[in-house]
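Take a look at the structure set out below.
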Amino acid sequence: MLHQISEKCTRVLIHNHIISSEEIELYTYGFEQVISTALILVSIFIISALMHNIWFGLLFTICFSPLRVFIGGFHCETYAKCFFFSNGVFLVSVFLTKVLMLLPAAFTLFINIVILLLCNILVYRFAPIQHPNHLLSPKRAIRNKRKARILVIVQCSILTVGNLICFVGQIDMTLIELSVVSTALSVNFMMVAKLHTKGGKS
């Protein structure tokens with residue numbers, strides 16, 4: 001279904017002489033990516049609205065998706081699996097956030113700082129991890145490594161400061177906690193692919 005819609009969109013561009021017929025595969029793939037991503041984002045925000053907190057979906061998307069683009073890792077085989085996987089990860093992030101928020105604030109702060117430090121170390125050491133469903137050219141891999149290192153440092157630094165501000169000011173840490181969990185899950189799927197690759201080679 002998604003492929004057919006994307007192909008029709010591409011043929012409209014060809015019919016209007018915007019692109020050439022030789023580019024049909026490239027643009028069909030591009031439309032598939034855009035439509036698939038849009039459906040995932042819409043579904044996540046719908047779930048967030050049903051939870052009466054649209055910030056959940058927004059912060060999850062900001063902290064999970066951009067980092068994942070550059071660090072690589074596990075990728076689903078089909079768009080349908082990616083849709084359900086992404087929504088499932090979002091629900092897991094919300095669940096883990098609520099569990100961690102039951103802990104004492106000082107302990108939660110300590111856990112968050114350790115998690116963010118580990119995220120920095122793992123991304124700096126291993127990113128990007130290539131997956132058979134999403135291979136990168138050597139040049140793209142080098143660019144992604146550089147961008148991943150910059151992004152994880154900036155992201156984790158902001159979240160560390162946010163954690164400290166919330167703790168000192170006794171501000172509700174739910175949104176910061178969700179951001180930390182989302183970041184950690186993104187790095188976790190990078191490491192899942194790394195361990196899977198290592199196991200396959202052995």
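A note on labels: chains of the structure tokens are A, B, ... as shown, every chain counts residues from 1, and ligands are counted from 1 in their shown order.
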
Need to verify the contact set: region 117-132 of chain A, 8 Å, only C-alpha atoms, exclusion of same-chain residues closer than 3 positions in sequence. Can you return it as a list in words?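 Here the qualifying residues turn out to be Phe70, Ile71, Gly72, Gly73, Phe74, His75, Ile113, Val114, Leu135, Leu136, Ala141, Asn144, Lys145, Ala148, Arg149, Val152, Ile153, Cys156, Thr183, Ala184, Val187, Met190, Met191, Ala193 and Lys194 of chain A.
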
Residue list (alpha helix (DSSP H), DSSP) for region 51-173 of chain A, as a PyMOL selection string: chain A and resi 54-71+79-100+105-126+138-168

Pull the closest atom pair for each residue of region 111-183 of chain A that gets at most 8 Å from region 79-96 of chain A, along with the distance in Å to one decimal, counting only C-alpha atoms, ordering rows by chain and then ascending residue number, as JSON lines.
```
{"residue": "A:Leu178", "atom": "CA", "partner": "A:Ser93", "partner_atom": "CA", "distance": 6.5}
{"residue": "A:Val181", "atom": "CA", "partner": "A:Ser93", "partner_atom": "CA", "distance": 6.0}
{"residue": "A:Ser182", "atom": "CA", "partner": "A:Ser93", "partner_atom": "CA", "distance": 6.0}
```

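Of note, CA of Leu159 (chain A) and CA of Val180 (chain A) are spaced 6.9 Å apart.
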
Could you check which of A:Arg68, A:Asn188, A:Pro104, A:Ile111 is closest to Gln170 (chain A), using only C-alpha atoms?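 Under the stated criterion, the closest residue is A:Pro104.
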
Counting only C-alpha atoms, which of A:Phe56, A:Ile18, A:Cys63, A:Ser36 gets nearest to Leu151 (chain A)?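 Smallest distance to Leu151 (chain A) is found for A:Cys63.
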
Nearest to Ala38 (chain A), chosen from A:Ile171, A:Leu2, A:Val12, A:Leu59, with only C-alpha atoms counted in the distances: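 Once distances to Ala38 (chain A) are computed over only C-alpha atoms, the minimum belongs to A:Leu2.
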
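Put simply, CA of Met173 (chain A) is 29.1 Å away from CA of Leu39 (chain A).
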